[in-house]
Amino acid sequence: MYQEIILDHYRHPIGRITLEDFDSEVHHVNPTCGDEITLRVKIDDGVVSAIGHQGQGCSISQASASVMTELLEGQPLQRALEIEAEFLTLMQSKGEGKPNEDLLEDAVAFSGVSKYPARVKCALLAWMAFKDAALQAVAQTVEEQ
Amino acid sequence: MYQEIILDHYRHPIGRITLEDFDSEVHHVNPTCGDEITLRVKIDDGVVSAIGHQGQGCSISQASASVMTELLEGQPLQRALEIEAEFLTLMQSKGEGKPNEDLLEDAVAFSGVSKYPARVKCALLAWMAFKDAALQAVAQTVEEQ
Amino acid sequence: MSSKLASNGTFLDVAAIKADFPILARTIRDNKKLIYLDSGATSQKPVSVLDAERTFYERHNAAVHRGAHQLGEEATDAYEQARDTIASFIGASAQDIVFTKNATEAINLVAYSISNATYGETPAEQSLSLQPGDRIVVTQMEHHANLIPWQELARRTGAELAWLGVTDEGRLDLTDIGKTINERTRIVAFTHQSNVLGTINPVESIVKAARAVGALVVLDACQSVPHMAVDVSRLDVDFVAFSGHKMLGPTGIGVLWGRRALLQAMPPFLTGGSMIETVHMDRATYAAPPQRFEAGTPVAAQAVGLAAACDYLSKIGMDSVQAHEHSLTQYALEGLSSIQGLRIIGPDTAVERGGAISFLIEGIHAHDVGQVLDDRGVEVRVGHHCAWPLMRAFGIAATTRASFYLYNDTSDVDALVESIQQAQKFFGVK
Amino acid sequence: MSSKLASNGTFLDVAAIKADFPILARTIRDNKKLIYLDSGATSQKPVSVLDAERTFYERHNAAVHRGAHQLGEEATDAYEQARDTIASFIGASAQDIVFTKNATEAINLVAYSISNATYGETPAEQSLSLQPGDRIVVTQMEHHANLIPWQELARRTGAELAWLGVTDEGRLDLTDIGKTINERTRIVAFTHQSNVLGTINPVESIVKAARAVGALVVLDACQSVPHMAVDVSRLDVDFVAFSGHKMLGPTGIGVLWGRRALLQAMPPFLTGGSMIETVHMDRATYAAPPQRFEAGTPVAAQAVGLAAACDYLSKIGMDSVQAHEHSLTQYALEGLSSIQGLRIIGPDTAVERGGAISFLIEGIHAHDVGQVLDDRGVEVRVGHHCAWPLMRAFGIAATTRASFYLYNDTSDVDALVESIQQAQKFFGVK
Ligand SMILES: Cc1ncc(COP(=O)(O)O)c(C=O)c1O
Ligand SMILES: Cc1ncc(COP(=O)(O)O)c(C=O)c1O
């Protein structure tokens with residue numbers, strides 16, 4: 001479970017900043033353990049231009065937020081959501097999933113986590129927050145038009 | 001359980017009348033089966049001068065009301081309550097009780113009923129009603145004095 | 001288990017089934033064979049159900065949804081897999097069923113949640129609340145469990161309670177349904193199958209009347225889910241409640257199925273651990289259903305046991321169970337009708353009726369009938385069957401009720417008929 | 001069972017006890033011996049409890065309090081004898097204890113009954129009701145189960161919620177108790193022993209403050225009844241709630257003890273069958289306690305199982321159980337304190353404290369600690385332990401908690417200490 005990549009990201013997280021310029025902010029909580037994340041996202045012309053996250057959590061949730069930021073920043077939103085869906089499928093695979101390495105890159109390191117149901121929520125915390133924030137950002141843009 | 005005495009009293013109940021002259025009336029229900037009794041009692045100078053009961057119920061509850069009426073009418077209230085207490089003890093004895101025949105007379109026929117917990121309440125219905133009515137009658141007399 | 005499928009006409013192979021139920025091998029009183037005809041009150045349990053509960057305790061027991069350790073994961077898996085199995089059994093999604101301790105709690109859950117909606121903060125919540133003048137409709141044949149919670153809800157909210165009556169044959173009287181279920185009606189609660197009369201109610205007609213005025217429909221399925229295939233996705237009702245112990249499962253578990261949008265809008269009932277989203281000293285927010293309605297340590301081993309019961313029934317097939325009981329009911333109605341002085345309370349044919357048969361014996365109180373039968377090993381229920389107002393409607397105090405399940409056969413019915421005749425002899429009414 | 005009495009000092013003969021718990025023979029992950037240190041969440045079950053439940057189903061199963069037949073009598077006897085046994089276990093009379101599905105329901109029962117008193121018809125009922133401005137006092141160390149029901153009761157009645165704080169050592173801060181429990185205080189609800197900190201609270205002082213203003217006292221005894229002799233007749237509180245599953249009993253049963261006069265005055269909570277006196281279509285009257293509070297088919301097999309658990313504990317003796325756990329706690333506190341970077345949240349001596357020990361490891365999140373421990377077979381709980389506000393009071397998100405019971409010994413503690421040190425190595429914080 002504790003792949004070296006995960007521990008690396010845990011120790012040196014990417015995107016653990018407070019974005020000043022953002023389109024939406026969400027706050028998600030894992031009710032079973034109290035872990036929290038505040039995530040801001042900036043979408044420009046349908047591209048995820050920036051993600052920033054703050055909060056507290058275990059190595060899995062922290063590393064997952066970091067890996068996610070690295071993966072999704074700069075992606076077209078459409079593709080970012082595809083990656084998110086793929087990650088979700090992997091996490092729900094109970095250790096049986098064959099990850100799509102092209103899509104997931106470093107995030108394949110989380111395969112092992114899917115064997116531990118109680119930790120799946122940790123790995124998903126940031127991703128669910130991102131999805132939520134991105135959809136809010138889009139909805140907002142539509143409204144403004 | 002169905003002693004001949006019980007069946008006799010069931011077929012030819014004593015006191016199954018509506019007393020016109022009475023000190024108190026109570027209505028008791030057995031909530032597990034819906035059986036009911038309306039019982040009136042007249043107490044004169046500390047003596048149970050009359051009991052009348054109406055209602056519906058099984059052979060045990062009907063016979064018990066009948067036997068009780070026969071036993072208690074004419075008794076000093078004090079002694080009537082002693083008999084009631086003795087009957088209660090017998091009913092709660094789970095088939096192990098040695099009934100006091102001097103006190104209980106025909107009512108000893110109910111010994112067998114005490115082995116059937118679900119029927120004990122049937123046998124007690126009239127007796128509980130009597131006790132309640134008698135105490136109300138006494139309380140009332142005290143109040144009037 | 002194919003050996004248990006219908007072998008002679010519509011009957012199941014009861015001998016094979018009986019062998020799965022340890023209690024049916026015991027005797028009653030002075031060595032009388034046990035003839036259990038009280039499954040309407042509670043059913044007996046097959047070995048597979050007892051084994052499932054025990055294995056849970058011996059191998060996987062831990063706090064469900066709370067432990068991050070392996071035992072906790074296994075316990076959570078067992079619990080949630082049980083939810084899947086039980087949901088499938090009634091054609092539902094797992095996320096739409098809530099575990100309670102019995103059907104009574106399930107119905108109270110709905111009534112209290114609606115009552116709490118009065119204090120709701122969101123419009124969705126408030127739209128569920130009742131106002132004085134609103135109406136709740138029940139029927140005269142309800143079990144106390146599907147009557148008193150509505151009386152109390154009416155009392156708390158100022159709503160009024162109205163009800164559909166019962167005909168002499170023990171069917172719902174729907175003549176004035178349009179008047180009873182009127183414009184102000186917000187909730188219609190009724191039983192799928194009467195636990196006293198055996199009557200199967202016309203769900204469709206009642207739902208139609210309820211839908212016409214926008215009322216919610218609560219179905220008490222305590223006597224239907226154990227005895228016939230029930231598919232909540234086809235019933236078009238809003239809530240369905242039933243108990244595990246009447247369908248071969250353990251005591252201590254009931255199920256509430258609810259329409260998803262409703263469950264999502266409803267405020268919680270019991271509050272505490274495992275149903276929260278966030279908690280501060282002075283306020284809390286709540287998890288999504290079904291967790292929102294499962295406060296505290298859940299009835300985990302019981303869910304596992306009930307799932308095993310569903311598996312047992314599914315293997316035999318609910319249609320086969322129903323066909324078996326239908327044939328048995330037909331047989332019993334014939335046998336009972338042949339007894340002079342016996343009056344059936346409820347439909348006297350097997351059409352649209354299940355295997356709960358209530359009756360009176362002229363000249364013998366139900367308690368006395370039950371006693372004589374018990375002395376012969378025949379276990380039936382006597383009394384008002386928690387449907388006291390129904391007794392009043394018929395002008396009676398109590399009935400004797402025989403009720404069947406998949407482990408009963410015609411010889412059990414024969415024993416019933418014979419014992420009733422014995423009782424008549426004993427009390428000299430024949 | 002004398003072989004299980006303290007044989008070396010205050011310790012029980014754990015090897016003999018372990019043999020009674022089938023699950024303790026299993027392994028975790030890759031063949032690691034199971035070291036179960038999560039009894040604070042739920043306890044494991046001895047064979048005698050599993051056998052008692054099974055025998056009930058195999059021999060005596062029938063509807064309790066409803067059947068007049070022999071099986072019904074036997075089931076009722078088993079259920080009511082269980083009530084006797086469980087009541088005696090806490091020094092109570094059988095008629096003063098109510099069975100629920102868990103402690104959470106027991107506490108909700110009190111809160112909802114008080115809320116229903118608002119609609120009460122008798123003066124006795126009404127005197128229980130709360131008015132806006134009335135106060136409910138809890139503490140900052142409550143389990144959600146003893147916090148949210150009171151938040152909701154406050155919301156329904158307009159009463160205000162106040163609370164006693166917690167000191168840095170994890171004791172209740174009673175400095176301002178007279179201000180917090182003020183004249184308007186009607187209910188004081190607090191835990192006997194914290195499930196997070198292990199702290200045993202000074203019941204007497206709090207009761208004194210509550211009595212001084214005429215407030216009712218509700219004691220959450222979930223973590224005390226399983227671990228020490230509790231005699232309700234001596235505590236001078238009004239209600240005591242606990243769960244069966246934390247004291248070697250089955251899931252699906254909780255207990256509420258109430259002062260008799262209060263139970264008698266209280267309106268019902270759940271309504272339905274078996275809790276009634278008479279029922280009409282539009283109204284009902286209710287049975288005396290405890291039946292009034294046990295609507296529907298009861299948790300019969302679970303009561304029988306819990307009685308067997310009480311018997312098991314009584315044979316060993318609750319004082320011996322407490323002494324054993326006390327010694328183990330002392331041993332564990334020493335062992336844990338020797339670990340650099342480990343901070344205990346809660347009292348760091350075994351004085352007035354039970355065997356739930358929460359701690360933080362510098363640089364490692366509780367989840368990660370738990371994971372490494374689980375990989376080694378050591379099952380502890382991580383998270384907020386359903387006491388989220390307490391976490392906030394300490395400015396933390398989660399702790400790791402080890403909790404002991406009579407089947408744990410010093411070798412289990414040694415494994416805990418070693419595994420923590422391994423986790424520190426793994427995460428490079430040491
Ligand atoms: C102190 C305390 N109170 C209440 C509860 C709730 O108990 P249950 O979940 O069995 O209802 C628990 C256990 O979870 C507890 O530890
Ligand atoms: C029709 C009906 N509704 C409700 C109930 C209540 O079920 P339970 O007692 O399991 O809550 C029963 C059985 O007692 C029933 O037969």
# chains A, B, ... in the order shown; residues from 1 in each chain; ligands from 1
>>> residues_around(residues="segment 95-109 of chain D", least_positions_apart="5", cutoff="9 Å", atoms="only C-alpha atoms", output="ChimeraX atom specification")
/C:100-101,252,269-273,295-299 /D:83-84,86-87,114,144-146,149-150,218,220-222,239-245,251-260,263,268-270,289-294,298-299,303
>>> interface_residues(of="chain C", to="chain A", cutoff="9 Å", atoms="only C-alpha atoms", output="list in words")
His65, Arg66, Gly67, Ala68, His69, Gln70, Gly72, Glu73, Asp77, Ser274, Ile276, Glu277, Thr278 and Ala287 of chain C
>>> residues_around(residues="Arg211 of chain C", least_positions_apart="4", cutoff="12 Å", atoms="only C-alpha atoms", output="list in words")
Gly178, Ile181, Asn182, Glu183, Thr185, Arg186, Ile187, Val188, Val203, Glu204, Ser205, Ile206, Val207, Ala215, Leu216, Val217, Asp236, Val237 and Asp238 of chain C
>>> write_last_selection(atoms="N, CA and C atoms", output="PDB file, in the first residue's frame")
ATOM      1  N   GLY C 178     -62.767   7.913  -2.558  1.00  0.00           N
ATOM      2  CA  GLY C 178     -62.506   9.273  -3.042  1.00  0.00           C
ATOM      3  C   GLY C 178     -62.859  10.320  -1.998  1.00  0.00           C
ATOM      4  N   ILE C 181     -59.957   9.520   1.039  1.00  0.00           N
ATOM      5  CA  ILE C 181     -58.671  10.054   0.591  1.00  0.00           C
ATOM      6  C   ILE C 181     -58.960  11.356  -0.157  1.00  0.00           C
ATOM      7  N   ASN C 182     -59.103  12.428   0.618  1.00  0.00           N
ATOM      8  CA  ASN C 182     -59.525  13.691   0.012  1.00  0.00           C
ATOM      9  C   ASN C 182     -58.340  14.606  -0.305  1.00  0.00           C
ATOM     10  N   GLU C 183     -58.656  15.787  -0.757  1.00  0.00           N
ATOM     11  CA  GLU C 183     -57.638  16.768  -1.175  1.00  0.00           C
ATOM     12  C   GLU C 183     -56.596  17.075  -0.097  1.00  0.00           C
ATOM     13  N   THR C 185     -55.445  15.062   2.029  1.00  0.00           N
ATOM     14  CA  THR C 185     -54.726  13.859   2.469  1.00  0.00           C
ATOM     15  C   THR C 185     -53.259  13.913   2.068  1.00  0.00           C
ATOM     16  N   ARG C 186     -52.377  13.722   3.050  1.00  0.00           N
ATOM     17  CA  ARG C 186     -50.940  13.808   2.810  1.00  0.00           C
ATOM     18  C   ARG C 186     -50.269  12.441   2.879  1.00  0.00           C
ATOM     19  N   ILE C 187     -50.882  11.550   3.648  1.00  0.00           N
ATOM     20  CA  ILE C 187     -50.293  10.219   3.849  1.00  0.00           C
ATOM     21  C   ILE C 187     -51.400   9.170   3.821  1.00  0.00           C
ATOM     22  N   VAL C 188     -51.152   8.094   3.076  1.00  0.00           N
ATOM     23  CA  VAL C 188     -52.052   6.947   3.112  1.00  0.00           C
ATOM     24  C   VAL C 188     -51.212   5.740   3.531  1.00  0.00           C
ATOM     25  N   VAL C 203     -53.432  -2.907  -3.910  1.00  0.00           N
ATOM     26  CA  VAL C 203     -52.468  -1.807  -3.790  1.00  0.00           C
ATOM     27  C   VAL C 203     -52.708  -0.770  -4.882  1.00  0.00           C
ATOM     28  N   GLU C 204     -52.923  -1.255  -6.100  1.00  0.00           N
ATOM     29  CA  GLU C 204     -53.025  -0.339  -7.231  1.00  0.00           C
ATOM     30  C   GLU C 204     -54.154   0.683  -7.054  1.00  0.00           C
ATOM     31  N   SER C 205     -55.335   0.206  -6.672  1.00  0.00           N
ATOM     32  CA  SER C 205     -56.461   1.136  -6.539  1.00  0.00           C
ATOM     33  C   SER C 205     -56.188   2.182  -5.470  1.00  0.00           C
ATOM     34  N   ILE C 206     -55.594   1.733  -4.382  1.00  0.00           N
ATOM     35  CA  ILE C 206     -55.375   2.678  -3.285  1.00  0.00           C
ATOM     36  C   ILE C 206     -54.285   3.675  -3.674  1.00  0.00           C
ATOM     37  N   VAL C 207     -53.236   3.172  -4.323  1.00  0.00           N
ATOM     38  CA  VAL C 207     -52.175   4.062  -4.771  1.00  0.00           C
ATOM     39  C   VAL C 207     -52.745   5.102  -5.733  1.00  0.00           C
ATOM     40  N   ALA C 215     -50.797  12.332  -2.196  1.00  0.00           N
ATOM     41  CA  ALA C 215     -50.440  11.826  -0.863  1.00  0.00           C
ATOM     42  C   ALA C 215     -49.311  10.793  -0.954  1.00  0.00           C
ATOM     43  N   LEU C 216     -48.513  10.714   0.089  1.00  0.00           N
ATOM     44  CA  LEU C 216     -47.493   9.676   0.188  1.00  0.00           C
ATOM     45  C   LEU C 216     -48.143   8.356   0.578  1.00  0.00           C
ATOM     46  N   VAL C 217     -47.581   7.258   0.073  1.00  0.00           N
ATOM     47  CA  VAL C 217     -48.148   5.944   0.394  1.00  0.00           C
ATOM     48  C   VAL C 217     -47.140   5.113   1.183  1.00  0.00           C
ATOM     49  N   ASP C 236     -45.072   1.123  -6.926  1.00  0.00           N
ATOM     50  CA  ASP C 236     -45.349   2.559  -6.994  1.00  0.00           C
ATOM     51  C   ASP C 236     -45.832   3.148  -5.666  1.00  0.00           C
ATOM     52  N   VAL C 237     -45.301   2.619  -4.566  1.00  0.00           N
ATOM     53  CA  VAL C 237     -45.598   3.236  -3.275  1.00  0.00           C
ATOM     54  C   VAL C 237     -44.348   4.017  -2.850  1.00  0.00           C
ATOM     55  N   ASP C 238     -44.407   4.702  -1.713  1.00  0.00           N
ATOM     56  CA  ASP C 238     -43.277   5.529  -1.290  1.00  0.00           C
ATOM     57  C   ASP C 238     -42.424   4.890  -0.206  1.00  0.00           C
TER      58      ASP C 238
END
>>> select_by_dssp(residues="segment 152-327 of chain D", states="alpha helix (DSSP H)", output="ChimeraX atom specification")
/D:152-157,177-180,203-212,232-235,260-265,300-316,318-327
>>> closest_residue(among="D:Thr399, D:Ser39, D:Ser314, D:Thr199", to="chain C", atoms="only C-alpha atoms")
D:Ser39
>>> select_by_dssp(residues="segment 122-318 of chain D", states="strand (DSSP E or B)", output="ChimeraX atom specification")
/D:135-139,160-164,166,172,185-191,193,199-200,216-220,239-243,254-258,276-279,284-286
>>> write_last_selection(atoms="C-alpha atoms", output="PDB file, in the first residue's frame")
ATOM      1  CA  ARG D 135     -31.381  24.341  29.580  1.00  0.00           C
ATOM      2  CA  ILE D 136     -29.887  20.974  28.739  1.00  0.00           C
ATOM      3  CA  VAL D 137     -26.310  20.451  29.888  1.00  0.00           C
ATOM      4  CA  VAL D 138     -23.909  17.964  28.331  1.00  0.00           C
ATOM      5  CA  THR D 139     -20.102  17.806  28.265  1.00  0.00           C
ATOM      6  CA  GLU D 160     -30.749  25.840  25.004  1.00  0.00           C
ATOM      7  CA  LEU D 161     -27.798  23.485  25.065  1.00  0.00           C
ATOM      8  CA  ALA D 162     -24.812  24.226  27.303  1.00  0.00           C
ATOM      9  CA  TRP D 163     -21.808  22.124  28.193  1.00  0.00           C
ATOM     10  CA  LEU D 164     -19.016  21.498  30.632  1.00  0.00           C
ATOM     11  CA  VAL D 166     -12.555  19.501  29.321  1.00  0.00           C
ATOM     12  CA  LEU D 172     -14.102  17.471  33.057  1.00  0.00           C
ATOM     13  CA  THR D 185     -31.272  23.430  33.794  1.00  0.00           C
ATOM     14  CA  ARG D 186     -33.711  20.547  33.359  1.00  0.00           C
ATOM     15  CA  ILE D 187     -31.449  17.791  32.069  1.00  0.00           C
ATOM     16  CA  VAL D 188     -27.808  16.951  32.642  1.00  0.00           C
ATOM     17  CA  ALA D 189     -26.489  14.227  30.346  1.00  0.00           C
ATOM     18  CA  PHE D 190     -22.917  12.969  30.584  1.00  0.00           C
ATOM     19  CA  THR D 191     -20.784   9.941  30.081  1.00  0.00           C
ATOM     20  CA  GLN D 193     -16.422   6.952  31.219  1.00  0.00           C
ATOM     21  CA  THR D 199     -11.568   9.327  31.957  1.00  0.00           C
ATOM     22  CA  ILE D 200     -14.005   8.157  34.616  1.00  0.00           C
ATOM     23  CA  LEU D 216     -32.755  15.090  35.605  1.00  0.00           C
ATOM     24  CA  VAL D 217     -29.514  13.176  35.173  1.00  0.00           C
ATOM     25  CA  VAL D 218     -28.896  10.910  32.188  1.00  0.00           C
ATOM     26  CA  LEU D 219     -25.806   8.741  32.429  1.00  0.00           C
ATOM     27  CA  ASP D 220     -24.210   7.252  29.332  1.00  0.00           C
ATOM     28  CA  PHE D 239     -31.442   7.235  33.520  1.00  0.00           C
ATOM     29  CA  VAL D 240     -28.638   4.894  32.560  1.00  0.00           C
ATOM     30  CA  ALA D 241     -28.036   3.737  28.991  1.00  0.00           C
ATOM     31  CA  PHE D 242     -25.683   1.059  27.658  1.00  0.00           C
ATOM     32  CA  SER D 243     -25.238  -1.369  24.785  1.00  0.00           C
ATOM     33  CA  GLY D 254     -29.299  -1.837  24.258  1.00  0.00           C
ATOM     34  CA  VAL D 255     -30.643  -1.138  27.709  1.00  0.00           C
ATOM     35  CA  LEU D 256     -32.268   1.867  29.312  1.00  0.00           C
ATOM     36  CA  TRP D 257     -32.658   1.874  33.041  1.00  0.00           C
ATOM     37  CA  GLY D 258     -34.954   4.554  34.398  1.00  0.00           C
ATOM     38  CA  ILE D 276     -50.764  -0.809  24.505  1.00  0.00           C
ATOM     39  CA  GLU D 277     -53.528  -1.016  27.054  1.00  0.00           C
ATOM     40  CA  THR D 278     -56.500  -0.400  24.751  1.00  0.00           C
ATOM     41  CA  VAL D 279     -56.689   0.716  21.139  1.00  0.00           C
ATOM     42  CA  ALA D 284     -54.919   4.432  22.315  1.00  0.00           C
ATOM     43  CA  THR D 285     -53.843   4.112  25.898  1.00  0.00           C
ATOM     44  CA  TYR D 286     -50.575   2.577  26.897  1.00  0.00           C
TER      45      TYR D 286
END
>>> residues_around(residues="segment 330-340 of chain C", least_positions_apart="2", cutoff="12 Å", atoms="only C-alpha atoms", output="PyMOL selection string")
chain C and resi 10-11+37+198+323-328+342-363+401-404+408-425+429-430
>>> closest_residue(among="D:Ala209, D:Val382, D:Ile396, D:Val196", to="ligand 1", atoms="only C-alpha atoms and all ligand atoms")
D:Val196
>>> atom_distance(atom1="atom CA of Lys45 of chain C", atom2="atom CA of Tyr79 of chain C")
19.4 Å
>>> closest_residue(among="D:Ala366, D:Ile90, D:Ala300, D:Arg26", to="ligand 2", atoms="only C-alpha atoms and all ligand atoms")
D:Ala300
>>> residues_around(residues="segment 133-144 of chain B", least_positions_apart="6", cutoff="12 Å", atoms="only C-alpha atoms", output="MDAnalysis selection string")
chainID B and resid 22:28 37:53 72:73 76:78 80:81 84 126:127
>>> atom_distance(atom1="atom CA of Gln92 of chain B", atom2="atom CA of Thr69 of chain B")
20.6 Å
>>> atom_distance(atom1="atom CA of Glu4 of chain A", atom2="atom CA of Thr27 of chain D")
27.4 Å
